[in-house]
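Student: My structure is in final.cif, and what it holds is mmCIF, N, CA and C atoms and all ligand atoms:
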```cif
data_upload
#
loop_
_atom_site.label_atom_id
_atom_site.label_comp_id
_atom_site.auth_asym_id
_atom_site.auth_seq_id
_atom_site.Cartn_x
_atom_site.Cartn_y
_atom_site.Cartn_z
N ALA A 220 0.83 -1.21 0.00
CA ALA A 220 0.00 0.00 0.00
C ALA A 220 0.86 1.25 0.00
N TYR A 221 0.26 2.36 -0.39
CA TYR A 221 0.94 3.65 -0.31
C TYR A 221 0.64 4.25 1.06
N VAL A 222 1.54 5.15 1.50
CA VAL A 222 1.46 5.69 2.86
C VAL A 222 1.59 7.22 2.82
N VAL A 223 0.72 7.92 3.55
CA VAL A 223 0.85 9.37 3.67
C VAL A 223 1.75 9.68 4.86
N THR A 224 2.69 10.61 4.68
CA THR A 224 3.66 10.90 5.74
C THR A 224 3.63 12.38 6.16
N GLU A 225 4.55 12.70 7.02
CA GLU A 225 4.59 14.01 7.70
C GLU A 225 4.34 15.27 6.86
N PRO A 226 4.88 15.39 5.65
CA PRO A 226 4.67 16.65 4.92
C PRO A 226 3.21 17.04 4.71
N CYS A 227 2.30 16.09 4.78
CA CYS A 227 0.86 16.40 4.64
C CYS A 227 0.31 17.18 5.83
N ILE A 228 0.92 17.00 6.99
CA ILE A 228 0.40 17.61 8.22
C ILE A 228 0.29 19.13 8.09
N LYS A 229 -0.85 19.66 8.43
CA LYS A 229 -1.19 21.09 8.38
C LYS A 229 -1.28 21.65 6.96
N CYS A 230 -1.29 20.78 5.96
CA CYS A 230 -1.43 21.23 4.57
C CYS A 230 -2.72 20.66 3.98
N LYS A 231 -2.77 19.33 3.82
CA LYS A 231 -3.98 18.66 3.34
C LYS A 231 -4.49 19.25 2.03
N TYR A 232 -3.66 19.15 1.01
CA TYR A 232 -4.05 19.71 -0.29
C TYR A 232 -5.17 18.91 -0.98
N THR A 233 -5.25 17.65 -0.68
CA THR A 233 -6.28 16.72 -1.19
C THR A 233 -6.27 16.46 -2.70
N ASP A 234 -5.21 16.85 -3.40
CA ASP A 234 -5.09 16.46 -4.81
C ASP A 234 -5.07 14.94 -4.94
N CYS A 235 -4.54 14.29 -3.91
CA CYS A 235 -4.45 12.83 -3.89
C CYS A 235 -5.84 12.19 -3.97
N VAL A 236 -6.76 12.78 -3.25
CA VAL A 236 -8.13 12.25 -3.20
C VAL A 236 -8.77 12.24 -4.58
N GLU A 237 -8.51 13.30 -5.30
CA GLU A 237 -9.13 13.48 -6.62
C GLU A 237 -8.73 12.39 -7.61
N VAL A 238 -7.52 11.87 -7.48
CA VAL A 238 -7.04 10.89 -8.47
C VAL A 238 -7.16 9.43 -8.04
N CYS A 239 -7.53 9.20 -6.79
CA CYS A 239 -7.58 7.81 -6.31
C CYS A 239 -8.80 7.07 -6.88
N PRO A 240 -8.56 5.97 -7.59
CA PRO A 240 -9.65 5.25 -8.24
C PRO A 240 -10.53 4.45 -7.27
N VAL A 241 -10.04 4.22 -6.06
CA VAL A 241 -10.82 3.39 -5.13
C VAL A 241 -11.25 4.14 -3.86
N ASN A 242 -11.04 5.46 -3.84
CA ASN A 242 -11.47 6.28 -2.69
C ASN A 242 -11.04 5.70 -1.34
N CYS A 243 -9.74 5.48 -1.21
CA CYS A 243 -9.27 4.87 0.04
C CYS A 243 -8.58 5.86 0.98
N PHE A 244 -8.90 7.15 0.83
CA PHE A 244 -8.35 8.16 1.74
C PHE A 244 -9.31 8.44 2.89
N TYR A 245 -8.74 8.72 4.06
CA TYR A 245 -9.52 9.01 5.27
C TYR A 245 -8.98 10.29 5.89
N GLU A 246 -9.91 11.11 6.40
CA GLU A 246 -9.56 12.48 6.75
C GLU A 246 -9.60 12.81 8.23
N GLY A 247 -8.45 13.28 8.73
CA GLY A 247 -8.39 13.85 10.07
C GLY A 247 -8.42 15.36 9.96
N SER A 248 -8.33 16.07 11.08
CA SER A 248 -8.47 17.52 11.02
C SER A 248 -7.31 18.19 10.30
N ASN A 249 -6.09 17.63 10.40
CA ASN A 249 -4.99 18.27 9.65
C ASN A 249 -4.06 17.27 8.95
N PHE A 250 -4.60 16.11 8.60
CA PHE A 250 -3.79 15.06 7.97
C PHE A 250 -4.73 14.07 7.28
N LEU A 251 -4.22 13.43 6.25
CA LEU A 251 -4.98 12.39 5.57
C LEU A 251 -4.22 11.08 5.67
N VAL A 252 -4.92 9.97 5.63
CA VAL A 252 -4.25 8.67 5.60
C VAL A 252 -4.87 7.80 4.51
N ILE A 253 -4.15 6.74 4.17
CA ILE A 253 -4.60 5.76 3.18
C ILE A 253 -4.91 4.45 3.90
N HIS A 254 -6.05 3.85 3.58
CA HIS A 254 -6.38 2.55 4.17
C HIS A 254 -5.55 1.47 3.46
N PRO A 255 -4.66 0.81 4.20
CA PRO A 255 -3.74 -0.14 3.56
C PRO A 255 -4.42 -1.33 2.90
N ASP A 256 -5.59 -1.71 3.37
CA ASP A 256 -6.28 -2.86 2.79
C ASP A 256 -7.11 -2.48 1.56
N GLU A 257 -7.32 -1.19 1.36
CA GLU A 257 -8.14 -0.74 0.23
C GLU A 257 -7.30 -0.21 -0.93
N CYS A 258 -6.11 0.30 -0.63
CA CYS A 258 -5.22 0.83 -1.67
C CYS A 258 -4.82 -0.29 -2.64
N ILE A 259 -4.93 -0.01 -3.95
CA ILE A 259 -4.59 -1.03 -4.96
C ILE A 259 -3.21 -0.77 -5.59
N ASP A 260 -2.43 0.11 -4.96
CA ASP A 260 -1.06 0.36 -5.41
C ASP A 260 -0.98 0.88 -6.84
N CYS A 261 -1.94 1.71 -7.24
CA CYS A 261 -1.90 2.22 -8.62
C CYS A 261 -0.85 3.30 -8.79
N GLY A 262 -0.49 3.97 -7.69
CA GLY A 262 0.55 5.00 -7.75
C GLY A 262 0.10 6.37 -8.23
N ALA A 263 -1.16 6.54 -8.51
CA ALA A 263 -1.64 7.82 -9.07
C ALA A 263 -1.49 8.99 -8.11
N CYS A 264 -1.60 8.73 -6.83
CA CYS A 264 -1.57 9.83 -5.85
C CYS A 264 -0.16 10.38 -5.61
N GLU A 265 0.84 9.57 -5.73
CA GLU A 265 2.20 9.98 -5.36
C GLU A 265 2.68 11.25 -6.09
N PRO A 266 2.59 11.31 -7.42
CA PRO A 266 3.13 12.49 -8.11
C PRO A 266 2.28 13.75 -7.99
N VAL A 267 1.03 13.64 -7.60
CA VAL A 267 0.18 14.84 -7.57
C VAL A 267 0.22 15.58 -6.23
N CYS A 268 0.83 15.00 -5.22
CA CYS A 268 0.87 15.67 -3.91
C CYS A 268 1.88 16.83 -3.93
N PRO A 269 1.43 18.06 -3.66
CA PRO A 269 2.32 19.22 -3.69
C PRO A 269 3.42 19.17 -2.62
N THR A 270 3.22 18.40 -1.55
CA THR A 270 4.23 18.34 -0.48
C THR A 270 5.09 17.08 -0.58
N LYS A 271 4.82 16.23 -1.58
CA LYS A 271 5.54 14.95 -1.73
C LYS A 271 5.44 14.10 -0.46
N ALA A 272 4.24 14.00 0.06
CA ALA A 272 4.03 13.28 1.32
C ALA A 272 3.76 11.80 1.14
N ILE A 273 3.50 11.37 -0.10
CA ILE A 273 3.05 9.99 -0.31
C ILE A 273 4.16 9.10 -0.88
N PHE A 274 4.33 7.94 -0.25
CA PHE A 274 5.36 6.98 -0.67
C PHE A 274 4.77 5.58 -0.72
N PRO A 275 5.30 4.75 -1.64
CA PRO A 275 4.92 3.34 -1.56
C PRO A 275 5.55 2.75 -0.29
N GLU A 276 4.85 1.85 0.33
CA GLU A 276 5.33 1.24 1.57
C GLU A 276 6.74 0.67 1.40
N SER A 277 7.01 0.13 0.22
CA SER A 277 8.31 -0.50 -0.03
C SER A 277 9.43 0.52 -0.15
N ASP A 278 9.09 1.80 -0.26
CA ASP A 278 10.09 2.84 -0.46
C ASP A 278 9.92 3.95 0.59
N LEU A 279 9.38 3.58 1.74
CA LEU A 279 9.12 4.55 2.80
C LEU A 279 10.44 5.00 3.43
N PRO A 280 10.74 6.31 3.44
CA PRO A 280 11.98 6.77 4.08
C PRO A 280 12.00 6.34 5.55
N SER A 281 13.15 5.98 6.06
CA SER A 281 13.23 5.45 7.43
C SER A 281 12.72 6.46 8.45
N GLU A 282 12.91 7.75 8.17
CA GLU A 282 12.44 8.77 9.12
C GLU A 282 10.91 8.78 9.24
N TYR A 283 10.24 8.19 8.25
CA TYR A 283 8.77 8.17 8.27
C TYR A 283 8.23 6.77 8.54
N ALA A 284 9.05 5.88 9.07
CA ALA A 284 8.66 4.49 9.27
C ALA A 284 7.36 4.33 10.06
N GLU A 285 7.17 5.17 11.07
CA GLU A 285 5.99 5.01 11.93
C GLU A 285 4.69 5.34 11.20
N TYR A 286 4.78 5.99 10.05
CA TYR A 286 3.55 6.39 9.35
C TYR A 286 2.80 5.21 8.76
N LYS A 287 3.49 4.11 8.55
CA LYS A 287 2.78 2.91 8.07
C LYS A 287 1.70 2.52 9.08
N ALA A 288 2.06 2.44 10.33
CA ALA A 288 1.10 2.08 11.38
C ALA A 288 0.08 3.20 11.62
N LEU A 289 0.53 4.44 11.51
CA LEU A 289 -0.39 5.56 11.72
C LEU A 289 -1.49 5.57 10.65
N ASN A 290 -1.12 5.29 9.38
CA ASN A 290 -2.13 5.22 8.33
C ASN A 290 -3.13 4.12 8.62
N ALA A 291 -2.64 2.94 9.00
CA ALA A 291 -3.52 1.80 9.27
C ALA A 291 -4.46 2.10 10.43
N GLN A 292 -3.94 2.76 11.45
CA GLN A 292 -4.74 3.06 12.63
C GLN A 292 -5.82 4.11 12.34
N PHE A 293 -5.41 5.23 11.79
CA PHE A 293 -6.38 6.31 11.58
C PHE A 293 -7.40 5.99 10.47
N ALA A 294 -7.02 5.11 9.55
CA ALA A 294 -7.96 4.76 8.47
C ALA A 294 -9.21 4.07 9.02
N THR A 295 -9.08 3.47 10.20
CA THR A 295 -10.25 2.82 10.80
C THR A 295 -11.01 3.76 11.74
N GLN A 296 -10.46 4.94 11.98
CA GLN A 296 -11.08 5.87 12.95
C GLN A 296 -11.66 7.12 12.29
N TRP A 297 -11.08 7.53 11.18
CA TRP A 297 -11.48 8.78 10.54
C TRP A 297 -12.47 8.52 9.40
N PRO A 298 -13.27 9.54 9.03
CA PRO A 298 -14.22 9.36 7.93
C PRO A 298 -13.54 9.35 6.56
N ASN A 299 -14.18 8.67 5.64
CA ASN A 299 -13.68 8.62 4.27
C ASN A 299 -13.79 10.01 3.63
N ILE A 300 -12.85 10.32 2.74
CA ILE A 300 -12.95 11.55 1.95
C ILE A 300 -12.83 11.15 0.49
N ALA A 301 -13.81 11.53 -0.31
CA ALA A 301 -13.85 11.08 -1.70
C ALA A 301 -13.77 12.23 -2.70
N GLU A 302 -13.79 13.45 -2.20
CA GLU A 302 -13.71 14.59 -3.13
C GLU A 302 -12.70 15.62 -2.65
N LYS A 303 -12.01 16.21 -3.62
CA LYS A 303 -11.03 17.24 -3.31
C LYS A 303 -11.72 18.44 -2.66
N LYS A 304 -11.01 19.06 -1.72
CA LYS A 304 -11.54 20.27 -1.10
C LYS A 304 -10.40 21.28 -0.94
N ALA A 305 -10.72 22.45 -0.43
CA ALA A 305 -9.68 23.47 -0.26
C ALA A 305 -8.62 22.99 0.73
N SER A 306 -7.36 23.36 0.49
CA SER A 306 -6.30 23.01 1.42
C SER A 306 -6.50 23.81 2.71
N LEU A 307 -5.74 23.44 3.76
CA LEU A 307 -5.84 24.17 5.02
C LEU A 307 -5.29 25.59 4.81
N PRO A 308 -5.78 26.56 5.61
CA PRO A 308 -5.42 27.97 5.38
C PRO A 308 -3.91 28.25 5.43
N ASP A 309 -3.18 27.53 6.27
CA ASP A 309 -1.74 27.78 6.39
C ASP A 309 -0.90 26.80 5.57
N ALA A 310 -1.53 26.14 4.62
CA ALA A 310 -0.83 25.11 3.84
C ALA A 310 0.46 25.60 3.20
N GLU A 311 0.43 26.74 2.56
CA GLU A 311 1.63 27.23 1.89
C GLU A 311 2.76 27.47 2.88
N ALA A 312 2.43 28.00 4.05
CA ALA A 312 3.44 28.31 5.07
C ALA A 312 4.07 27.04 5.65
N PHE A 313 3.28 25.96 5.70
CA PHE A 313 3.78 24.73 6.32
C PHE A 313 4.27 23.68 5.33
N LYS A 314 4.13 24.00 4.06
CA LYS A 314 4.44 23.03 3.00
C LYS A 314 5.85 22.46 3.10
N ASP A 315 6.83 23.30 3.35
CA ASP A 315 8.23 22.85 3.38
C ASP A 315 8.82 22.76 4.78
N LYS A 316 7.97 22.91 5.80
CA LYS A 316 8.44 22.83 7.19
C LYS A 316 8.74 21.39 7.59
N LYS A 317 9.80 21.21 8.37
CA LYS A 317 10.14 19.90 8.91
C LYS A 317 9.63 19.81 10.35
N GLY A 318 9.65 18.62 10.91
CA GLY A 318 9.31 18.47 12.32
C GLY A 318 7.85 18.72 12.64
N LYS A 319 6.95 18.32 11.74
CA LYS A 319 5.53 18.55 11.97
C LYS A 319 4.84 17.40 12.70
N ARG A 320 5.56 16.35 13.00
CA ARG A 320 4.93 15.16 13.61
C ARG A 320 4.11 15.50 14.85
N SER A 321 4.66 16.39 15.72
CA SER A 321 3.97 16.72 16.97
C SER A 321 2.70 17.53 16.75
N MET A 322 2.52 18.03 15.53
CA MET A 322 1.33 18.84 15.23
C MET A 322 0.17 17.99 14.71
N LEU A 323 0.42 16.70 14.48
CA LEU A 323 -0.64 15.83 13.97
C LEU A 323 -1.76 15.70 15.01
N GLU A 324 -2.95 16.08 14.59
CA GLU A 324 -4.10 16.00 15.51
C GLU A 324 -4.84 14.68 15.31
N PRO A 325 -4.92 13.86 16.36
CA PRO A 325 -5.56 12.55 16.24
C PRO A 325 -7.09 12.65 16.10
FE1 LIG B 1 -5.40 5.42 -4.17
FE2 LIG B 1 -3.70 4.49 -6.01
FE3 LIG B 1 -2.83 6.19 -4.13
FE4 LIG B 1 -3.48 3.70 -3.45
S1 LIG B 1 -1.79 4.30 -4.79
S2 LIG B 1 -4.07 5.56 -2.35
S3 LIG B 1 -5.19 3.27 -4.85
S4 LIG B 1 -4.32 6.64 -5.75
FE1 LIG B 2 -1.87 15.54 2.00
FE2 LIG B 2 -0.59 15.65 -0.27
FE3 LIG B 2 -2.94 14.54 -0.20
S1 LIG B 2 -0.66 17.26 1.26
S2 LIG B 2 -3.97 15.65 1.41
S3 LIG B 2 -1.14 13.82 0.86
S4 LIG B 2 -2.17 15.82 -1.81
#
```
Would you give me this structure, written as structure tokens?
Ligand code: SF4
Ligand code: F3S
Tutor:
Amino acid sequence: AYVVTEPCIKCKYTDCVEVCPVNCFYEGSNFLVIHPDECIDCGACEPVCPTKAIFPESDLPSEYAEYKALNAQFATQWPNIAEKKASLPDAEAFKDKKGKRSMLEP
């Protein structure tokens, strides 16, 4: 499965949602996740994310290793999102910021 990682936090551009053929994205207040059992590994979402937050599980950077479990966990707790919406208001300011893990709202 593909995995959403830290750069999405506080941005949530949702371009990924628009291209996913199986609607397997789930939405928290400032982060999105992919349901690992629903993702069909088509790869369509990876290149369209403005923050480059999405990676295939097999190519997950080690610094983002914990996001595999975070996606699986939140995908069962958060509501599905099937349509693109406006990004968060501070998205541009946080797009290239590092160290956003502590800002993830469960
Ligand atoms: Fe959806 Fe394809 Fe991305 Fe998986 S890889 S989340 S199926 S767009
Ligand atoms: Fe997040 Fe990128 Fe999608 S910022 S909402 S993973 S397009």
Student: Go through the chains and note each residue within 6.5 Å of ligand LIG 2 (chain B), using all atoms listed in the file, then give the set as a count of residues only.
Tutor: 21
Student: Please determine, counting only C-alpha atoms and all ligand atoms, which residue among A:Cys261, A:Glu246, A:Glu237, A:Ala305 has the shortest atom-to-atom distance to ligand LIG 1 (chain B).
Tutor: A:Cys261
Student: Taking all atoms listed in the file into account, name the residue in A:Glu265, A:Asp256, A:Glu276, A:Asp309 that is nearest to ligand LIG 1 (chain B).
Tutor: A:Glu265
Student: When you count all atoms listed in the file, which of these residues is closest to ligand LIG 1 (chain B): A:Ala310, A:Val222, A:Cys258, A:Ala294?
Tutor: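 Closest to ligand LIG 1 (chain B) of all the choices is A:Cys258.
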Student: What does the structure give for the distance between atom CA of A:Ala301 and atom CA of A:Phe244, in Å to one decimal?
Tutor: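 Calculated distance between atom CA of A:Ala301 and atom CA of A:Phe244 is 7.1 Å.
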Student: Collect all residues with atoms no farther than 7 Å from ligand LIG 1 (chain B), counting only C-alpha atoms and all ligand atoms, and output them as JSON, numbers by chain.
Tutor: {"A": [220, 221, 235, 238, 239, 240, 241, 242, 243, 244, 253, 258, 259, 260, 261, 262, 263, 264, 265]}
Student: Using all atoms listed in the file, determine which residues lie at most 6.5 Å from A:Glu324, disregarding the query and same-chain residues fewer than 3 positions distant; provide the list as a VMD selection string.
Tutor: chain A and resid 247 to 250 321
Student: For the selection you just gave me, I'd like the residues written to a file as a PDB file, in the frame of the given file, keeping N, CA and C atoms.
Tutor:
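Result file result_22.pdb:
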```pdb
ATOM      1  N   GLY A 247      -8.450  13.280   8.730  1.00  0.00           N
ATOM      2  CA  GLY A 247      -8.390  13.850  10.070  1.00  0.00           C
ATOM      3  C   GLY A 247      -8.420  15.360   9.960  1.00  0.00           C
ATOM      4  N   SER A 248      -8.330  16.070  11.080  1.00  0.00           N
ATOM      5  CA  SER A 248      -8.470  17.520  11.020  1.00  0.00           C
ATOM      6  C   SER A 248      -7.310  18.190  10.300  1.00  0.00           C
ATOM      7  N   ASN A 249      -6.090  17.630  10.400  1.00  0.00           N
ATOM      8  CA  ASN A 249      -4.990  18.270   9.650  1.00  0.00           C
ATOM      9  C   ASN A 249      -4.060  17.270   8.950  1.00  0.00           C
ATOM     10  N   PHE A 250      -4.600  16.110   8.600  1.00  0.00           N
ATOM     11  CA  PHE A 250      -3.790  15.060   7.970  1.00  0.00           C
ATOM     12  C   PHE A 250      -4.730  14.070   7.280  1.00  0.00           C
ATOM     13  N   SER A 321       4.660  16.390  15.720  1.00  0.00           N
ATOM     14  CA  SER A 321       3.970  16.720  16.970  1.00  0.00           C
ATOM     15  C   SER A 321       2.700  17.530  16.750  1.00  0.00           C
TER      16      SER A 321
END
```
Student: Any chance you could list, as an NGL selection string, the residues in chain A that come up strand (DSSP E or B) when DSSP is run on the backbone?
Tutor: :A and (221-223 or 244-246 or 251-253 or 273-275 or 299)
Student: For atom C of A:Leu279 and atom CA of A:Pro266, determine how far apart the two atoms are, in Å to one decimal place.
Tutor: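 Separation between atom C of A:Leu279 and atom CA of A:Pro266: 15.6 Å.
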Student: Can you measure atom CA of A:Lys229 to atom CA of A:Glu257 for me? One decimal in Å is fine.
Tutor: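 These two atoms are separated by 24.3 Å.
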Student: Check chain A with DSSP on the backbone and list each residue it calls helix (DSSP H, G or I), as a count of residues only.
Tutor: 33
Student: A:Pro280, A:Pro255, A:Glu225, A:Lys314: which is nearest A:Thr295, counting only C-alpha atoms?
Tutor: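 Among the listed residues, the smallest separation from A:Thr295 belongs to A:Pro255.
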Student: Which is closest to A:Ala291 among A:Ser277, A:His254, A:Tyr245, A:Lys303, if we use only N, CA and C atoms?
Tutor: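 Smallest separation from A:Ala291 among the options: A:His254.
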